[in-house]
Amino acid sequence: ISDAGAKQLASQWGLEAELQLDPLPSYDDVNFRVTTSEGKRFVLKLHNPLIPCGSPENLSLQNEVIRRLAAAKIAVPEVLRASGGEDILEVPQEEGVARARMLTWLSGDILPESEPKSIVLGEEIGRLAGRVAGALQGMDHPAMKWTWDWDLRQATRV
């Protein structure tokens with residue numbers, strides 16, 4: 001997607017045309033850090049239409065997980081609703097129908113880049129994993145039955 005196309009897409013969330021777009025690394029999708037003229041930052045995600053993780057069902061699951069974690073007071077980005085009230089928009093592409101989402105920007109460091117790794121950091125990660133597990137306990141969603149190459153439940157298959 002071009003910068004102009006990304007800016008036009010961002011307008012669906014009420015963001016003005018004077019935006020700074022910075023590409024973000026991604027394995028499968030196209031992601032931009034969107035910065036407004038006031039300095040507010042967001043992440044525009046355009047999900048690859050050729051792979052199942054970008055399906056409406058899987059994105060709905062991701063949004064539900066984010067909302068549950070937020071309700072448990074775990075720091076996660078907020079899923080924004082577009083002007084029409086949708087949190088996932090369909091974007092026709094040459095390869096098929098991609099889906100787009102806009103999230104708030106969550107500042108922080110990328111773990112592999114924080115050196116050195118301390119015992120305290122390991123303990124903090126363990127506590128966070130416990131809080132995440134607690135927040136998601138009892139959750140049921142049809143897309144939870146789906147699997148992919150990075151699914152830890154498939155580790156013995158690799």
# chains A, B, ... in the order shown; residues from 1 in each chain; ligands from 1

$ residues_around --residues "segment 19-35 of chain A" --least-positions-apart "4" --cutoff "6 Å" --atoms "only C-alpha atoms" --output "ChimeraX atom specification"
/A:39-48

$ select_by_dssp --residues "chain A" --states "alpha helix (DSSP H)" --output "PyMOL selection string"
chain A and resi 3-10+56-71+119-136

$ closest_residue --among "A:Gln62, A:Ser118, A:Gln12, A:Thr36" --to "Leu89 of chain A" --atoms "only C-alpha atoms"
A:Gln12

$ residues_around --residues "Ile74 of chain A" --least-positions-apart "3" --cutoff "8 Å" --atoms "only C-alpha atoms" --output "PyMOL selection string"
chain A and resi 69-71+131-132

$ write_last_selection --atoms "N, CA and C atoms" --output "PDB file, in the first residue's frame"
ATOM      1  N   LEU A  69      -7.629  -8.309  28.021  1.00  0.00           N
ATOM      2  CA  LEU A  69      -6.403  -7.927  28.719  1.00  0.00           C
ATOM      3  C   LEU A  69      -6.518  -6.506  29.264  1.00  0.00           C
ATOM      4  N   ALA A  70      -7.095  -5.615  28.470  1.00  0.00           N
ATOM      5  CA  ALA A  70      -7.278  -4.235  28.932  1.00  0.00           C
ATOM      6  C   ALA A  70      -8.190  -4.193  30.157  1.00  0.00           C
ATOM      7  N   ALA A  71      -9.244  -5.003  30.146  1.00  0.00           N
ATOM      8  CA  ALA A  71     -10.165  -5.047  31.283  1.00  0.00           C
ATOM      9  C   ALA A  71      -9.461  -5.549  32.548  1.00  0.00           C
ATOM     10  N   ARG A 131      -0.807 -13.212  34.792  1.00  0.00           N
ATOM     11  CA  ARG A 131      -1.941 -12.275  34.685  1.00  0.00           C
ATOM     12  C   ARG A 131      -2.670 -12.464  33.357  1.00  0.00           C
ATOM     13  N   VAL A 132      -1.908 -12.667  32.273  1.00  0.00           N
ATOM     14  CA  VAL A 132      -2.522 -12.885  30.961  1.00  0.00           C
ATOM     15  C   VAL A 132      -3.344 -14.170  30.992  1.00  0.00           C
TER      16      VAL A 132
END

$ atom_distance --atom1 "atom CA of Ser2 of chain A" --atom2 "atom CA of Pro77 of chain A"
24.4 Å

$ residues_around --residues "Gln93 of chain A" --least-positions-apart "3" --cutoff "9 Å" --atoms "only C-alpha atoms" --output "PDB file with N, CA and C atoms, in the first residue's frame"
ATOM      1  N   ILE A   1       0.862  -1.178   0.000  1.00  0.00           N
ATOM      2  CA  ILE A   1       0.000   0.000   0.000  1.00  0.00           C
ATOM      3  C   ILE A   1       0.907   1.240   0.000  1.00  0.00           C
ATOM      4  N   PRO A  49      -4.058 -10.602   2.897  1.00  0.00           N
ATOM      5  CA  PRO A  49      -5.264 -11.350   2.527  1.00  0.00           C
ATOM      6  C   PRO A  49      -4.988 -12.789   2.105  1.00  0.00           C
ATOM      7  N   GLY A  96      -6.614  -9.887  -3.112  1.00  0.00           N
ATOM      8  CA  GLY A  96      -7.834 -10.274  -2.416  1.00  0.00           C
ATOM      9  C   GLY A  96      -8.249  -9.170  -1.461  1.00  0.00           C
ATOM     10  N   VAL A  97      -9.166  -9.472  -0.575  1.00  0.00           N
ATOM     11  CA  VAL A  97      -9.659  -8.479   0.379  1.00  0.00           C
ATOM     12  C   VAL A  97      -8.796  -8.532   1.639  1.00  0.00           C
ATOM     13  N   ALA A  98      -8.030  -7.477   1.850  1.00  0.00           N
ATOM     14  CA  ALA A  98      -7.244  -7.353   3.074  1.00  0.00           C
ATOM     15  C   ALA A  98      -8.135  -6.745   4.151  1.00  0.00           C
TER      16      ALA A  98
END

$ select_by_dssp --residues "segment 20-151 of chain A" --states "strand (DSSP E or B)" --output "JSON, numbers by chain"
{"A": [20, 21, 22, 23, 24, 30, 31, 32, 33, 34, 35, 41, 42, 43, 44, 45, 46, 47, 79, 89, 90, 91, 92, 93, 96, 97, 98, 99, 100, 101, 102, 103, 104]}

$ closest_residue --among "A:Trp148, A:Lys7, A:Glu38, A:Thr104" --to "Gly54 of chain A" --atoms "only C-alpha atoms"
A:Trp148

$ closest_residue --among "A:Leu59, A:Ala155, A:Leu9, A:Leu128" --to "Ala75 of chain A" --atoms "only C-alpha atoms"
A:Leu128

$ atom_distance --atom1 "atom CA of Val65 of chain A" --atom2 "atom CA of Asp109 of chain A"
21.5 Å

$ residues_around --residues "segment 138-146 of chain A" --least-positions-apart "5" --cutoff "7 Å" --atoms "only C-alpha atoms" --output "PyMOL selection string"
chain A and resi 57-58+61
